[in-house]
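**Student:** Please read through the structure below; I'll follow up with questions.
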Amino acid sequence: MKPRIGVIALQGGVSEHLQMLHNIGCATVAVRSLQDLDGIDGLIIPGGESTVLIKLLLRWQLITPIKELAGSGIPVWGTCAGSILLSSEITEKSHKVNQPSLELAAVRAERNSFGRQSASFQEELTIKGLDSPFPGIFIRAPLLYPLSSEAEVLCSVDEGAVFIRCGNVWLSSFHPELTDDARIHRMFIKEIVIGSQPGH
Amino acid sequence: MSFIRDDGTWKVKTGHAQMLKGGVIMDVINAEQALIAQEAGAVAVMALERVPADIRVQGGVARMSDPDMIKGIQAVVTIPVMAKCRIGHFVEAQVLQALDIDFIDESEVLTPADEANHVNKWNYKVPFVCGATVLAEALRRIAEGAAMIRTKGEAGPGNVVEAVRHARSVLGQIRILQATPFEELMSIAKNMGAPYELVKYVHENGKLPVVNFAAGGIATPSDAALMMQLGLDGVFVGSGIFKSGNPAIRAKAIVEAVSQFNNPEVIAKVSTGLGEAMVGINISTIPENERMADRGW
């Protein structure tokens, strides 16, 4: 059976994830309410504006259900703003900011780490588990700092991490959904398929 | 091993616009309004000296905002800050880039500086958004380097009719182009005055190669959801928020309506108890030479 992947669809780069998931043979759901989370095998929180996304998740009462979903072992992946929302601590210019989050990964996310849009960039990335470079697209991106040994760094740029796995929770500060390269989406789906096999 | 880092690329510019989708970009004239907008859930703010409704009333030449005011807004919010330059005023655009603005709006709301030419937007690291009333105009702006398109609407009157007209015009022409046989594309490109490669892109993909937002006259949560249901990617709200009775509540309601634009129950709920909307003007009562949507070429 096709894996069924939800993408939080309240604001941001939603259609790009849906398209890429569709291209690699997944069933997709645009998640706007509690019912949309029913029966999904994995969840993606897209890029967008983190301050807006958290407000809307709170407003439409999706925080607890997403935490329960992740707690039950369903893989959850946040890209850019999504990675900020999954982090247990959020800072800007190294100062703690008062912004609620899902707190699903022991990671500190430093918001707008590179600066404003003029500092947004593209760079080839060396990622653990991929045998050739991956096109990294960073847009007003955060840098990620692991706060426990559970958080495994898969890729770093400058002094911070840009791709972290924390059990079934994935955080990337770049945008694989804006490229033509589906390898990280495939990695995510592979995780789901393996996780759902009997005896696992 | 280290790789080359490229900034200001087309991908990074259009990607930034893609991350604004499903969001509300709000006009603000000072730091206090910017904070209210951010608190309400704006995805970005547009820093300008006077909102279109006031430009219309007060008249005079409308120019790029005072850098002091822009910096004051940048200092208090963490969301992207946009600002407007006059059509064709490439030095105002240089100044805005020097101020580290996140997005430049080459806008017909300001008094045009060039009657024939727009800014060469490829020269900048900062992405640009431009207005368009028809598909050919949108494609010309994209060919000049615009990373985002918006309808022009008719800024200031709080009347959504022009935004709807331009949205229907652009989206309708896209649908027609999609259904057009390939061999007719060159002739169409010639007649509409748009680059062939972009005409071909629209034919093949059924959409613009950049994000397309609604702007002009959006004053209520229903107005915003209307533009989203018509098929646009997000909305700009100008005078509609800070010219209304209760800006903070109305701004939040518009953000919430856009996030659930297909859900009438939600829109009904968030539309309740908003206080007075801005008064609004009928477009037909605006003299033709004062209509902003006709500016740009």
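Within each chain, counting starts at residue 1; across the structure tokens, chains are named A, B, ... in the order shown, with ligands numbered 1 upward in that order.
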Just want the 12 Å neighbourhood of B:Arg295, counted on only C-alpha atoms, with same-chain residues fewer than 2 positions away dropped. Output as number ranges by chain.
**Tutor:** B: 86-88, 106-118, 130-133, 137, 152-155, 288-293, 297
**Student:** Show which residues sit within 7 Å of B:Glu144, as a list in words. Count only C-alpha atoms, and ignore same-chain residues fewer than 2 positions away.
**Tutor:**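 Once the adjacent positions are removed, what remains is Asn120, Lys121, Trp122, Arg140, Arg141, Ile142 and Ala146 of chain B.
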**Student:** Counting only C-alpha atoms, figure out which residue out of A:Ala109, A:Glu159, A:Phe121, A:Trp77 gets nearest to A:Met187.
**Tutor:** A:Trp77
**Student:** Kindly determine which residues of chain B lie within 8 Å of chain A, considering only C-alpha atoms, and give the answer as a PyMOL selection string.
**Tutor:** chain B and resi 3-9+11-12+15-16+18-23+41-43+79-80+100-103+125-126+256+259-260
**Student:** I need the strand (DSSP E or B) residues of stretch 7-177 of chain A per DSSP on the backbone, written as an MDAnalysis selection string.
**Tutor:** chainID A and resid 7:8 27:31 42:45 76:79 87:92 95:96 105:110 121:125 134:138 143:146 151:157 160:166 169:172
**Student:** Taking 4 positions as the minimum chain separation for residues in the same chain, which residues sit within 6 Å of stretch 196-209 of chain B when counting only C-alpha atoms? Answer as a PyMOL selection string.
**Tutor:** chain B and resi 177-178+189
**Student:** Taking the chain letters and numbering used in this document, name the residues of stretch 4-183 of chain A that DSSP puts in helix (DSSP H, G or I), as an MDAnalysis selection string.
**Tutor:** chainID A and resid 14:23 34:37 50:59 63:71 81:86 117:119 176:178 183
**Student:** List the spatial neighbours of B:Asp223 as number ranges by chain - criterion: any atom at most 12 Å away, only C-alpha atoms, same-chain residues fewer than 3 positions off excluded.
**Tutor:** B: 158-164, 214-220, 226-230, 234-237, 240, 253-255, 257-258, 261, 267, 271, 277
**Student:** Contacts of A:Gly25 at 12 Å or less, counting only C-alpha atoms, minus same-chain residues fewer than 6 places along, as number ranges by chain?
**Tutor:** A: 1-5, 18-19, 182, 185-186, 189-190
**Student:** Extract, using only C-alpha atoms, all DNA, RNA and protein residues at most 8 Å from B:Gln173, discarding same-chain residues fewer than 3 positions from it, and format them as a ChimeraX atom specification.
**Tutor:** /B:134-135,169-170,176-177
**Student:** One decimal, in Å: what's the spacing between atom CA of A:Pro100 and atom CA of B:Asn262?
**Tutor:**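 If I compute the distance from atom CA of A:Pro100 to atom CA of B:Asn262, I get 26.9 Å.
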**Student:** Out of B:Ala40, B:Val51, B:Thr14, B:Thr78, which residue has the shortest atom-to-atom distance to B:Phe242 when counting only C-alpha atoms?
**Tutor:**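 Checking each candidate against B:Phe242, we get B:Val51 as the closest.
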**Student:** Could you please determine the separation between atom CA of A:Ser149 and atom CA of A:Cys166 in Å, to one decimal place?
**Tutor:**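 Interatomic distance here is 9.0 Å.
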**Student:** Near B:Ala248, within 10 Å and counting only C-alpha atoms, which residues show up once chain neighbours fewer than 4 positions away are dropped, as a list in words?
**Tutor:**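 Counting only the stated atoms, we get Gln33, Leu35, Ile36, Ala37, Gln38, Glu39, Ala40, Gly41, Ile241, Phe242, Ser244, Lys252, Ala253 and Leu274 of chain B.
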**Student:** Next, the residues of the selection above should be written as a compact mmCIF listing (two decimals), in the first residue's frame with N, CA, C and O atoms.
**Tutor:**
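Ended up saving to result_2.txt:
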```txt
# COMPACT_ATOMS: atom_id res chain seq x y z
N GLN B 33 2.61 49.79 14.40
CA GLN B 33 1.72 49.01 13.54
C GLN B 33 2.39 47.70 13.13
O GLN B 33 1.74 46.66 13.02
N LEU B 35 4.42 45.89 14.82
CA LEU B 35 4.30 44.94 15.92
C LEU B 35 2.89 44.35 16.01
O LEU B 35 2.73 43.15 16.25
N ILE B 36 1.90 45.19 15.80
CA ILE B 36 0.51 44.70 15.80
C ILE B 36 0.34 43.67 14.69
O ILE B 36 -0.25 42.61 14.89
N ALA B 37 0.90 43.98 13.51
CA ALA B 37 0.78 43.08 12.36
C ALA B 37 1.46 41.74 12.66
O ALA B 37 0.89 40.67 12.42
N GLN B 38 2.67 41.80 13.21
CA GLN B 38 3.39 40.55 13.51
C GLN B 38 2.63 39.73 14.54
O GLN B 38 2.48 38.51 14.41
N GLU B 39 2.12 40.40 15.57
CA GLU B 39 1.37 39.72 16.62
C GLU B 39 0.10 39.07 16.06
O GLU B 39 -0.29 38.00 16.49
N ALA B 40 -0.49 39.70 15.04
CA ALA B 40 -1.72 39.17 14.45
C ALA B 40 -1.43 38.00 13.51
O ALA B 40 -2.35 37.28 13.11
N GLY B 41 -0.16 37.79 13.15
CA GLY B 41 0.18 36.66 12.27
C GLY B 41 0.50 37.04 10.83
O GLY B 41 0.41 36.21 9.93
N ILE B 241 -6.62 47.19 6.93
CA ILE B 241 -6.45 46.85 8.34
C ILE B 241 -6.37 48.10 9.21
O ILE B 241 -7.19 48.30 10.10
N PHE B 242 -5.39 48.96 8.94
CA PHE B 242 -5.17 50.07 9.87
C PHE B 242 -6.12 51.26 9.62
O PHE B 242 -6.07 52.24 10.33
N SER B 244 -9.35 50.46 9.64
CA SER B 244 -10.60 49.89 10.15
C SER B 244 -10.74 50.22 11.63
O SER B 244 -9.83 50.76 12.25
N LYS B 252 -5.90 39.72 12.60
CA LYS B 252 -5.86 38.32 13.03
C LYS B 252 -6.94 37.51 12.30
O LYS B 252 -6.69 36.39 11.84
N ALA B 253 -8.11 38.10 12.16
CA ALA B 253 -9.23 37.40 11.50
C ALA B 253 -8.89 37.12 10.03
O ALA B 253 -9.22 36.05 9.50
N LEU B 274 -15.86 42.06 14.55
CA LEU B 274 -14.62 42.71 14.10
C LEU B 274 -14.68 44.23 14.20
O LEU B 274 -13.68 44.90 13.98
```
**Student:** Could you tell me how far atom CA of B:Leu171 sits from atom CA of B:Lys190, in Å to one decimal place?
**Tutor:** 19.6 Å
